[in-house]
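**Student:** I have a structure I would like to understand better, so I am pasting it below and will then ask my questions one at a time.
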Amino acid sequence: MLVILSGVSGAGKDTIKKELIKRMENVESLPSYTSRPMREGDVEGGTYHFVEKEEFEEMIENGEFYEYDIHHNCYYGTSRKLLNEKINGGKIIVKDIDVNGTEHLKELLEEDTKIVTIYLRVPKEELKRRLENRIDKPSPQEVILRLNRFDYEESRIGLYDYVLKNDNLEKTVQIIMTIIKNEEKLEKLNLKN
């Protein structure tokens with residue numbers, strides 16, 4: 001099963017993903033590949049797989065991604081090989097990805113992979129506060145760039161199975177854990193029939 005978490009930058013996707021992995025057995029992350037530079041706190045293969053722009057473009061040419069996109073002038077993409085390995089290993093994969101990536105993965109994988117999509121909503125003012133208080137301290141221009149994407153991302157929430165207001169971390173994590181458990185039960189019932 002693939003669980004997709006989306007929402008604008010600063011909505012809490014990464015924090016929630018880490019909590020789910022800590023609290024649930026058989027749940028793993030699938031870090032994207034990116035051409036963006038490493039930031040303080042990043043771990044190669046943990047937060048992302050970091051590659052140079054030229055290497056990313058070569059991977060695109062070789063068809064190594066299910067989907068890729070450019071955000072804030074950097075490439076981000078989902079590895080075919082890594083996703084297939086984890087799904088074939090019976091893991092529940094939690095992936096944070098934008099609305100375009102969600103749409104592409106659903107189109108490509110829905111026929112043979114159980115996909116659960118969750119969009120995390122945060123009020124715009126709260127989002128601005130979170131972005132300004134991040135550890136990696138985005139520049140004022142980056143904050144504006146990310147806030148400008150807010151309306152576009154929000155306009156695409158119809159793609160998602162679940163839309164949650166993320167104003168309380170513990171409550172949001174508990175709700176998502178319940179969603180995953182229920183979807184896992186439904187998947188097992190469908191396989192039996």
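Every chain in the structure tokens takes a letter, A first, then B, and so on in the order presented; its residues are numbered from 1, and the ligands are numbered from 1 following the presented order.
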Dump as JSON lines the rows for residues of region 29-122 of chain A within 9 Å of region 153-175 of chain A: closest atom pair and distance in Å with one decimal, only C-alpha atoms counted, ordered by chain and rising residue number.
**Tutor:**
{"residue": "A:Asp98", "atom": "CA", "partner": "A:Glu153", "partner_atom": "CA", "distance": 7.8}
{"residue": "A:Val99", "atom": "CA", "partner": "A:Glu153", "partner_atom": "CA", "distance": 6.3}
{"residue": "A:Asn100", "atom": "CA", "partner": "A:Arg156", "partner_atom": "CA", "distance": 8.8}
{"residue": "A:Thr102", "atom": "CA", "partner": "A:Leu159", "partner_atom": "CA", "distance": 8.0}
{"residue": "A:Glu103", "atom": "CA", "partner": "A:Leu159", "partner_atom": "CA", "distance": 7.1}
{"residue": "A:Val116", "atom": "CA", "partner": "A:Asp161", "partner_atom": "CA", "distance": 6.5}
{"residue": "A:Thr117", "atom": "CA", "partner": "A:Tyr160", "partner_atom": "CA", "distance": 5.0}
{"residue": "A:Ile118", "atom": "CA", "partner": "A:Tyr162", "partner_atom": "CA", "distance": 4.7}
{"residue": "A:Tyr119", "atom": "CA", "partner": "A:Val163", "partner_atom": "CA", "distance": 4.7}
{"residue": "A:Leu120", "atom": "CA", "partner": "A:Leu164", "partner_atom": "CA", "distance": 5.1}
{"residue": "A:Arg121", "atom": "CA", "partner": "A:Lys165", "partner_atom": "CA", "distance": 4.6}
{"residue": "A:Val122", "atom": "CA", "partner": "A:Asn166", "partner_atom": "CA", "distance": 5.8}
**Student:** Return as a tab-separated table the residues of region 75-105 of chain A lying at most 6 Å from region 45-67 of chain A, together with the closest atom-to-atom pair for each and the distance in Å to one decimal, counting only C-alpha atoms, with rows in chain order and ascending residue number.
**Tutor:**
residue	atom	partner	partner_atom	distance
A:Gly77	CA	A:Glu67	CA	5.6
A:Thr78	CA	A:Phe65	CA	5.3
A:Ser79	CA	A:Phe65	CA	4.6
A:Arg80	CA	A:Phe65	CA	5.2
**Student:** Tell me which protein, DNA and RNA residues are within 10 Å of region 10-26 of chain A, counting only C-alpha atoms, leaving out same-chain ones fewer than 3 positions away, and put them as a ChimeraX atom specification.
**Tutor:** /A:3-7,29,47,89-97,118-124,126-134,143,146-147,165-167,169-170,172-174,176-177,180-181
**Student:** Generate the output file for the selected residues, N, CA and C atoms, as a compact mmCIF listing (two decimals), in the first residue's frame.
**Tutor:**
# COMPACT_ATOMS: atom_id res chain seq x y z
N VAL A 3 0.79 5.23 0.82
CA VAL A 3 0.07 6.31 1.47
C VAL A 3 0.75 7.61 1.08
N ILE A 4 0.02 8.47 0.41
CA ILE A 4 0.57 9.74 -0.05
C ILE A 4 0.10 10.87 0.85
N LEU A 5 1.06 11.64 1.36
CA LEU A 5 0.76 12.84 2.15
C LEU A 5 1.10 14.05 1.31
N SER A 6 0.14 14.96 1.16
CA SER A 6 0.38 16.18 0.41
C SER A 6 -0.07 17.38 1.23
N GLY A 7 0.30 18.53 0.75
CA GLY A 7 -0.03 19.80 1.39
C GLY A 7 1.10 20.76 1.05
N SER A 29 9.33 5.01 4.85
CA SER A 29 9.34 6.19 3.99
C SER A 29 9.93 5.83 2.64
N THR A 47 16.04 11.92 4.32
CA THR A 47 15.10 12.96 3.90
C THR A 47 14.92 12.91 2.38
N GLY A 89 7.99 -5.82 -1.34
CA GLY A 89 8.41 -6.35 -0.05
C GLY A 89 7.29 -6.33 1.00
N GLY A 90 6.09 -5.91 0.59
CA GLY A 90 4.95 -5.94 1.49
C GLY A 90 4.89 -4.78 2.48
N LYS A 91 5.66 -3.76 2.26
CA LYS A 91 5.69 -2.62 3.17
C LYS A 91 4.55 -1.64 2.86
N ILE A 92 4.17 -0.88 3.90
CA ILE A 92 3.28 0.26 3.70
C ILE A 92 4.20 1.45 3.52
N ILE A 93 4.13 2.07 2.37
CA ILE A 93 5.03 3.17 2.04
C ILE A 93 4.31 4.48 2.31
N VAL A 94 4.96 5.37 3.07
CA VAL A 94 4.43 6.71 3.28
C VAL A 94 5.32 7.66 2.50
N LYS A 95 4.70 8.39 1.60
CA LYS A 95 5.45 9.29 0.71
C LYS A 95 4.84 10.67 0.76
N ASP A 96 5.66 11.69 1.01
CA ASP A 96 5.14 13.05 0.92
C ASP A 96 5.49 13.59 -0.46
N ILE A 97 4.47 14.12 -1.11
CA ILE A 97 4.62 14.53 -2.50
C ILE A 97 3.59 15.62 -2.81
N ILE A 118 -3.86 11.54 1.16
CA ILE A 118 -4.25 12.40 2.29
C ILE A 118 -3.66 13.79 2.06
N TYR A 119 -4.53 14.79 2.11
CA TYR A 119 -4.09 16.18 1.96
C TYR A 119 -4.18 16.87 3.32
N LEU A 120 -3.09 17.51 3.72
CA LEU A 120 -3.02 18.22 5.00
C LEU A 120 -3.24 19.70 4.76
N ARG A 121 -4.29 20.22 5.37
CA ARG A 121 -4.61 21.65 5.22
C ARG A 121 -4.11 22.43 6.42
N VAL A 122 -3.62 23.62 6.13
CA VAL A 122 -3.17 24.55 7.16
C VAL A 122 -3.62 25.94 6.71
N PRO A 123 -4.22 26.74 7.60
CA PRO A 123 -4.59 28.10 7.21
C PRO A 123 -3.37 28.88 6.73
N LYS A 124 -3.55 29.76 5.76
CA LYS A 124 -2.44 30.48 5.14
C LYS A 124 -1.60 31.26 6.15
N GLU A 126 -1.19 30.61 9.37
CA GLU A 126 -0.45 29.62 10.17
C GLU A 126 0.73 29.09 9.35
N LEU A 127 0.48 28.85 8.09
CA LEU A 127 1.54 28.37 7.21
C LEU A 127 2.69 29.36 7.13
N LYS A 128 2.36 30.64 6.98
CA LYS A 128 3.38 31.69 6.93
C LYS A 128 4.22 31.67 8.21
N ARG A 129 3.55 31.55 9.35
CA ARG A 129 4.25 31.51 10.64
C ARG A 129 5.18 30.29 10.71
N ARG A 130 4.68 29.13 10.29
CA ARG A 130 5.50 27.90 10.31
C ARG A 130 6.73 28.04 9.41
N LEU A 131 6.52 28.58 8.22
CA LEU A 131 7.64 28.74 7.29
C LEU A 131 8.70 29.67 7.86
N GLU A 132 8.26 30.76 8.47
CA GLU A 132 9.21 31.73 9.03
C GLU A 132 9.96 31.19 10.25
N ASN A 133 9.39 30.19 10.91
CA ASN A 133 10.01 29.63 12.11
C ASN A 133 10.71 28.30 11.88
N ARG A 134 10.84 27.88 10.62
CA ARG A 134 11.50 26.60 10.33
C ARG A 134 12.97 26.64 10.72
N VAL A 143 9.81 32.10 1.23
CA VAL A 143 8.52 32.10 1.93
C VAL A 143 7.43 32.58 0.98
N ARG A 146 6.69 29.94 -1.69
CA ARG A 146 5.91 28.82 -1.16
C ARG A 146 4.47 29.23 -0.85
N LEU A 147 4.28 30.43 -0.36
CA LEU A 147 2.91 30.91 -0.08
C LEU A 147 2.13 31.11 -1.39
N LYS A 165 -7.42 18.86 8.46
CA LYS A 165 -6.86 20.12 8.95
C LYS A 165 -5.77 19.75 9.95
N ASN A 166 -4.55 20.16 9.68
CA ASN A 166 -3.43 19.81 10.55
C ASN A 166 -3.15 20.96 11.52
N ASP A 167 -3.97 21.06 12.56
CA ASP A 167 -3.76 22.11 13.56
C ASP A 167 -3.36 21.52 14.91
N LEU A 169 -0.81 18.21 16.00
CA LEU A 169 0.01 17.10 15.51
C LEU A 169 -0.48 15.76 16.03
N GLU A 170 -0.68 15.63 17.32
CA GLU A 170 -1.06 14.34 17.90
C GLU A 170 -2.39 13.86 17.33
N THR A 172 -3.78 14.70 14.46
CA THR A 172 -3.60 14.38 13.05
C THR A 172 -2.93 13.03 12.87
N VAL A 173 -1.88 12.76 13.66
CA VAL A 173 -1.18 11.47 13.57
C VAL A 173 -2.13 10.33 13.92
N GLN A 174 -2.92 10.50 14.97
CA GLN A 174 -3.87 9.45 15.39
C GLN A 174 -4.90 9.18 14.29
N ILE A 176 -4.56 9.70 11.04
CA ILE A 176 -3.90 9.04 9.90
C ILE A 176 -3.58 7.59 10.21
N MET A 177 -3.17 7.30 11.44
CA MET A 177 -2.93 5.90 11.83
C MET A 177 -4.22 5.08 11.69
N ILE A 180 -4.89 4.47 7.97
CA ILE A 180 -4.02 3.42 7.42
C ILE A 180 -4.51 2.04 7.85
N LYS A 181 -4.82 1.88 9.14
CA LYS A 181 -5.30 0.57 9.63
C LYS A 181 -6.60 0.17 8.94
**Student:** Nearest to Cys74 (chain A): which of A:Asn88, A:Glu184, A:Pro37, A:Ser139 is it, counting only C-alpha atoms?
**Tutor:**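 The closest residue to Cys74 (chain A) is A:Pro37.
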**Student:** Select, from A:Ile87, A:Leu82, A:Leu105, A:Arg149, the residue with the minimum atom-to-atom distance to Pro31 (chain A), counting only C-alpha atoms.
**Tutor:**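 Closest to Pro31 (chain A) of all the choices is A:Leu82.
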**Student:** What is the distance between CA of His72 (chain A) and CA of Leu145 (chain A), in Å to one decimal?
**Tutor:**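 It comes out at 7.4 Å.
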**Student:** Figure out the distance between CA of Glu142 (chain A) and CA of Asn73 (chain A), please, to one decimal in Å.
**Tutor:** 10.7 Å
**Student:** In Å to one decimal, how far is CA of Lys81 (chain A) from CA of Glu107 (chain A)?
**Tutor:**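 Atom-to-atom, CA of Glu107 (chain A) to CA of Lys81 (chain A), that is 17.6 Å.
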**Student:** Run DSSP on the backbone and grab whatever in region 38-79 of chain A lands in strand (DSSP E); send it over as a list of chain:residue names.
**Tutor:**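 DSSP-assigned strand (DSSP E) residues in region 38-79 of chain A: A:His49, A:Phe50, A:Phe65, A:Tyr66, A:Glu67, A:Tyr68, A:Asp69, A:Ile70, A:His71, A:Cys74, A:Tyr75, A:Tyr76, A:Gly77, A:Thr78, A:Ser79.
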**Student:** Could you give me the residues within region 1-41 of chain A that DSSP places in helix (DSSP H, G or I), as a ChimeraX atom specification?
**Tutor:** /A:13-23
